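Please read the structure below before turning to the comments.
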Amino acid sequence: MDQRTYNQYCATARTLDLVGERWTLLLIRELLTGPKRFGDLQAGLRGLGTGLLAARLKHLEREGLAHKITLPAPARAPAYALTEAGEELGPAVLALARWGLKWAMGERRESETFHPGWAVLGLRSCFDAEAAAGLRAVYEFRIGEEVLHARIDDGAIETLHGPAQRPDAIITIGEEAFLGLTGHDHTLAEAIESGAASVSGDEEALRRLEELFRLPSPHDRKPAS
């Protein structure tokens, strides 16, 4: 299949030639949180067929955005990882996520899937670096069946799948309650009060938690009449 092109000598057009096809940026999103096996990518991208997934991965390899690796022991399984060029798409993907939180989310449609693991990038997209100045803490988030953690180091953040070795604070919340946070249905404090969430750990780390992640209020894209 010939690759479609805008045939414009423009940096934006050239970039869209590389990542503008359907599913391609979502593959980048999945790989931004670390190497993934083919099956992992299928599980995270429901609705993407095996053949199209293979084709998109070949495209990313051919264009120098991803490459095959072997995961370390004990897995020792083939996987895909981003190249340096692919990793540098991270800020663009996070900027799209921030824009989407403000202008595109709205109510969840019945046909839409949700995976708590997407919060690994979601936490980065709404992280307030200024509010994290001087703070060094590790937060573990248990969202439904998913566990992830965020390491805050004086205004910088690293988020990863899996539990933290020595978390300063642990936040446990159900999937629906977490979606309620992203939809501004309630605050974390309200979810804790209702029993939909619980927290434990260092009081100072927990006190500063809601300052660290600021979700933009949803806006209507249509201009006021």
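Chain lettering (A, B, ...) mirrors the order of the structure tokens, residue numbering begins at 1 for each chain separately, and ligand numbering begins at 1 in order of display.
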Using only C-alpha atoms, what does the table of range 23-55 of chain A residues within 10 Å of range 115-131 of chain A look like, with each row giving the shortest atom pair and its distance in Å to one decimal, sorted by chain and ascending number, as a tab-separated table?
```
residue	atom	partner	partner_atom	distance
A:Arg29	CA	A:Leu121	CA	7.9
A:Glu30	CA	A:Trp118	CA	8.1
A:Leu32	CA	A:Leu121	CA	8.0
A:Thr33	CA	A:Val120	CA	7.1
A:Ala43	CA	A:His115	CA	9.5
A:Gly44	CA	A:His115	CA	7.2
A:Leu45	CA	A:His115	CA	9.3
A:Arg46	CA	A:His115	CA	9.9
```
Once you have the residues from the selection above, write them out as a compact mmCIF listing (two decimals), in the first residue's frame, restricted to N, CA and C atoms.
```txt
# COMPACT_ATOMS: atom_id res chain seq x y z
N ARG A 29 1.34 6.88 21.62
CA ARG A 29 0.90 7.07 23.01
C ARG A 29 1.20 5.84 23.85
N GLU A 30 0.87 4.66 23.34
CA GLU A 30 1.10 3.44 24.09
C GLU A 30 2.59 3.21 24.35
N LEU A 32 4.95 5.45 24.50
CA LEU A 32 5.58 6.49 25.32
C LEU A 32 5.71 6.07 26.78
N THR A 33 4.94 5.08 27.20
CA THR A 33 5.04 4.62 28.59
C THR A 33 5.95 3.41 28.72
N ALA A 43 -4.17 -5.24 23.31
CA ALA A 43 -5.04 -5.11 24.48
C ALA A 43 -5.35 -3.64 24.78
N GLY A 44 -4.37 -2.76 24.55
CA GLY A 44 -4.56 -1.34 24.84
C GLY A 44 -5.27 -0.58 23.75
N LEU A 45 -5.38 -1.19 22.56
CA LEU A 45 -6.00 -0.51 21.42
C LEU A 45 -7.12 -1.37 20.87
N ARG A 46 -8.15 -1.55 21.67
CA ARG A 46 -9.28 -2.37 21.25
C ARG A 46 -9.93 -1.75 20.03
```
Practice task
Using only C-alpha atoms, find the one residue out of A:Gly49, A:Glu140, A:Cys10, A:Leu82 that sits nearest to Ile28 in chain A.
Solution key: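 Comparing A:Gly49, A:Glu140, A:Cys10, A:Leu82 against Ile28 in chain A, the winner is A:Leu82.
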Practice task
Could you give me, as a ChimeraX atom specification, each residue of range 43-214 of chain A that DSSP assigns to strand (DSSP E or B) when run on this structure's backbone?
Solution key: /A:66-70,78-82,127,136-143,146-153,156-161,169-173,197-201,213
Applying 8 Å and only C-alpha atoms, which residues near range 141-155 of chain A remain after dropping the ones on its own chain fewer than 3 positions away? List them as a compact mmCIF listing (two decimals) with C-alpha atoms, in the first residue's frame.
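Writing done, so here's around.txt:
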```
# COMPACT_ATOMS: atom_id res chain seq x y z
CA PRO A 116 -6.93 3.02 33.59
CA GLY A 117 -3.35 2.59 32.35
CA VAL A 120 0.23 7.15 33.12
CA ASP A 128 1.67 21.48 37.45
CA ALA A 129 5.44 21.78 37.68
CA GLU A 130 5.31 25.05 39.65
CA ALA A 131 3.10 23.48 42.32
CA ALA A 132 5.64 20.66 42.67
CA ALA A 133 8.59 22.95 43.37
CA GLY A 134 10.59 21.63 46.31
CA LEU A 135 8.57 18.41 46.59
CA ARG A 136 10.16 14.98 46.41
CA ALA A 137 7.62 12.21 46.78
CA VAL A 138 6.43 8.99 45.18
CA GLU A 158 8.15 10.53 35.95
CA THR A 159 5.15 8.21 35.65
CA LEU A 160 5.37 4.47 35.14
CA HIS A 161 3.19 1.37 35.05
CA GLY A 162 3.37 -0.90 38.08
CA PRO A 163 3.72 -0.43 41.84
CA ALA A 164 6.31 1.82 43.46
CA ILE A 170 -1.05 5.46 48.11
CA ILE A 171 -4.30 6.43 46.41
CA THR A 172 -6.89 3.70 45.82
CA ILE A 173 -9.90 4.51 43.66
CA GLY A 174 -12.38 2.62 41.50
CA GLU A 175 -12.45 3.07 37.75
CA PHE A 178 -11.59 7.98 38.70
```
